[in-house]
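Worksheet: the structure to be examined is printed underneath.
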Amino acid sequence: MTPDILWLNGPFGVGKTTVARLLAPDRHLVDPERIGAVLRRLPWWRRRDYQTIRLWRTLTVCQVRRAARRRPVVVPMTIVDRHVLADLRRGLPAMRMVVLDAPPRVIASRADADVDDPRARQWRLDNLDRCVTALADPMFGDHLDADRPPVEIAKELR
């Protein structure tokens with residue numbers, strides 16, 4: 001049986017959103033970055049990482065739960081902080097988290113090919129070591145080889 005909530009974790013630029021879009025015909029795509037974008041408009045949170053804000057975590061859990069009542073959900077979002085992860089798991093205990101794992105050269109290549117946000121390349125590469133180090137801990141999800149076409153990854157996750 002397919003879990004109702006599939007959270008795609010992994011380094012920035014590994015292909016989480018691409019895989020999530022491929023799964024979207026069967027699942028509702030929930031993007032917590034939209035909640036973060038709203039919070040960033042507030043003056044006192046403008047320069048903070050919105051994942052560190054408890055309100056973001058609370059709203060994300062509510063949004064994912066609400067969407068999962070209607071149909072299975074996929075959430076593409078990098079989580080590398082164990083406290084953030086703990087809050088999400090408390091609110092979404094049945095969530096399955098999968099870490100998409102690929103070598104840095106693959107992530108750099110995908111960042112170079114990103115026509116939606118080509119300026120994000122350097123930021124993705126600057127954060128790669130931090131993500132790889134944190135995501136090596138099995139608490140962040142089951143690892144899945146993402147050094148292959150996103151279509152193959154989506155087929156495996158269906």
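Scheme for the structure tokens: letters A, B, ... for chains in order shown; per-chain residue numbers from 1; ligand numbers from 1 in order shown.
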
Sel. of helix (DSSP H, G or I) residues, segment 5-139 of chain A, as an NGL selection string: :A and (16-23 or 33-40 or 43-45 or 50-52 or 54-70 or 82-91 or 104-113 or 118-126 or 128-135 or 138-139)

Tell me, as an mmCIF file with N, CA and C atoms, in the first residue's frame, which residues lie within 7 Å of Met97 of chain A, counting only C-alpha atoms; anything in the same chain fewer than 4 positions away does not count.
```cif
data_model
loop_
_atom_site.group_PDB
_atom_site.id
_atom_site.type_symbol
_atom_site.label_atom_id
_atom_site.label_comp_id
_atom_site.auth_asym_id
_atom_site.auth_seq_id
_atom_site.Cartn_x
_atom_site.Cartn_y
_atom_site.Cartn_z
ATOM 1 N N LEU A 6 4.214 11.130 1.196
ATOM 2 C CA LEU A 6 5.572 10.822 0.760
ATOM 3 C C LEU A 6 6.357 12.124 0.760
ATOM 4 N N TRP A 7 7.365 12.223 1.609
ATOM 5 C CA TRP A 7 8.201 13.420 1.702
ATOM 6 C C TRP A 7 9.502 13.119 0.986
ATOM 7 N N LEU A 8 9.807 13.878 -0.058
ATOM 8 C CA LEU A 8 11.059 13.720 -0.788
ATOM 9 C C LEU A 8 12.083 14.683 -0.197
ATOM 10 N N ASN A 9 13.098 14.126 0.423
ATOM 11 C CA ASN A 9 14.170 14.892 1.031
ATOM 12 C C ASN A 9 15.399 14.734 0.148
ATOM 13 N N PHE A 140 16.848 10.822 8.611
ATOM 14 C CA PHE A 140 16.282 11.734 7.620
ATOM 15 C C PHE A 140 15.564 11.026 6.478
ATOM 16 N N GLY A 141 15.566 9.707 6.474
ATOM 17 C CA GLY A 141 14.797 8.984 5.468
ATOM 18 C C GLY A 141 15.569 7.851 4.835
ATOM 19 N N ASP A 142 14.829 7.030 4.107
ATOM 20 C CA ASP A 142 15.428 5.923 3.359
ATOM 21 C C ASP A 142 16.085 6.490 2.116
#
```

DSSP-assigned strand (DSSP E) among segment 29-82 of chain A, expressed as a PyMOL selection string: chain A and resi 29+73-76

In terms of the shortest atom-to-atom distance over only C-alpha atoms, which of A:Pro32, A:Pro25, A:Gly10, A:Pro76 is closest to Asp145 of chain A?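 Of A:Pro32, A:Pro25, A:Gly10, A:Pro76, the one nearest Asp145 of chain A is A:Gly10, counting only C-alpha atoms.
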
Give the answer as one residue: which of A:Ile79, A:Cys131, A:Val98, A:Leu23 has the shortest atom-to-atom distance to Arg57 of chain A, using only C-alpha atoms?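 Closest to Arg57 of chain A, using only C-alpha atoms: A:Ile79.
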
Nearest residue to Ala134 of chain A from the set A:Gln122, A:Gln51, A:Ser109, A:Thr78 (distances using only C-alpha atoms): A:Thr78

Which neighbours of Arg148 of chain A fall inside 12 Å, counting only C-alpha atoms, when residues of the same chain fewer than 4 positions from it are skipped, and could you give them as a PyMOL selection string? chain A and resi 14-15+19+100-103+106-107+110+144+152-156

Enter the distance from atom CA of Pro149 of chain A to atom CA of Val64 of chain A, in Å, rounded to one decimal.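 It comes out at 26.8 Å.
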
Selection near Met95 of chain A, 9 Å with only C-alpha atoms, sequence-local residues under 6 positions removed, as number ranges by chain: A: 3-7, 88-89

Between atom CA of Phe12 of chain A and atom CA of Pro118 of chain A - distance in Å to one decimal: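 These atoms are spaced 12.9 Å apart.
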
Atomic distance atom CA of Ala111 of chain A - atom CA of Asp147 of chain A, expressed in Å with one decimal: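 Value for the atom CA of Ala111 of chain A-atom CA of Asp147 of chain A distance: 13.7 Å.
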
Counting only C-alpha atoms, what is within 9 Å of Asp26 of chain A, bar same-chain residues fewer than 6 positions away, as a PyMOL selection string? chain A and resi 71-73+158

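Nearest to Asp49 of chain A of all the residues A:Val84, A:Asp31, A:Ala120, A:Leu128 is A:Val84, counting only C-alpha atoms.
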
Which is closer to Leu92 of chain A than all the others in A:Ala68, A:Val75, A:Val61, A:Val115, using only C-alpha atoms?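 Smallest distance to Leu92 of chain A is found for A:Val61.
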
Of the residues A:Leu157, A:Arg130, A:Ile53, A:Arg21, which is the one nearest to His143 of chain A, using only C-alpha atoms?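 When distances to His143 of chain A are compared using only C-alpha atoms, the smallest one comes from A:Leu157.
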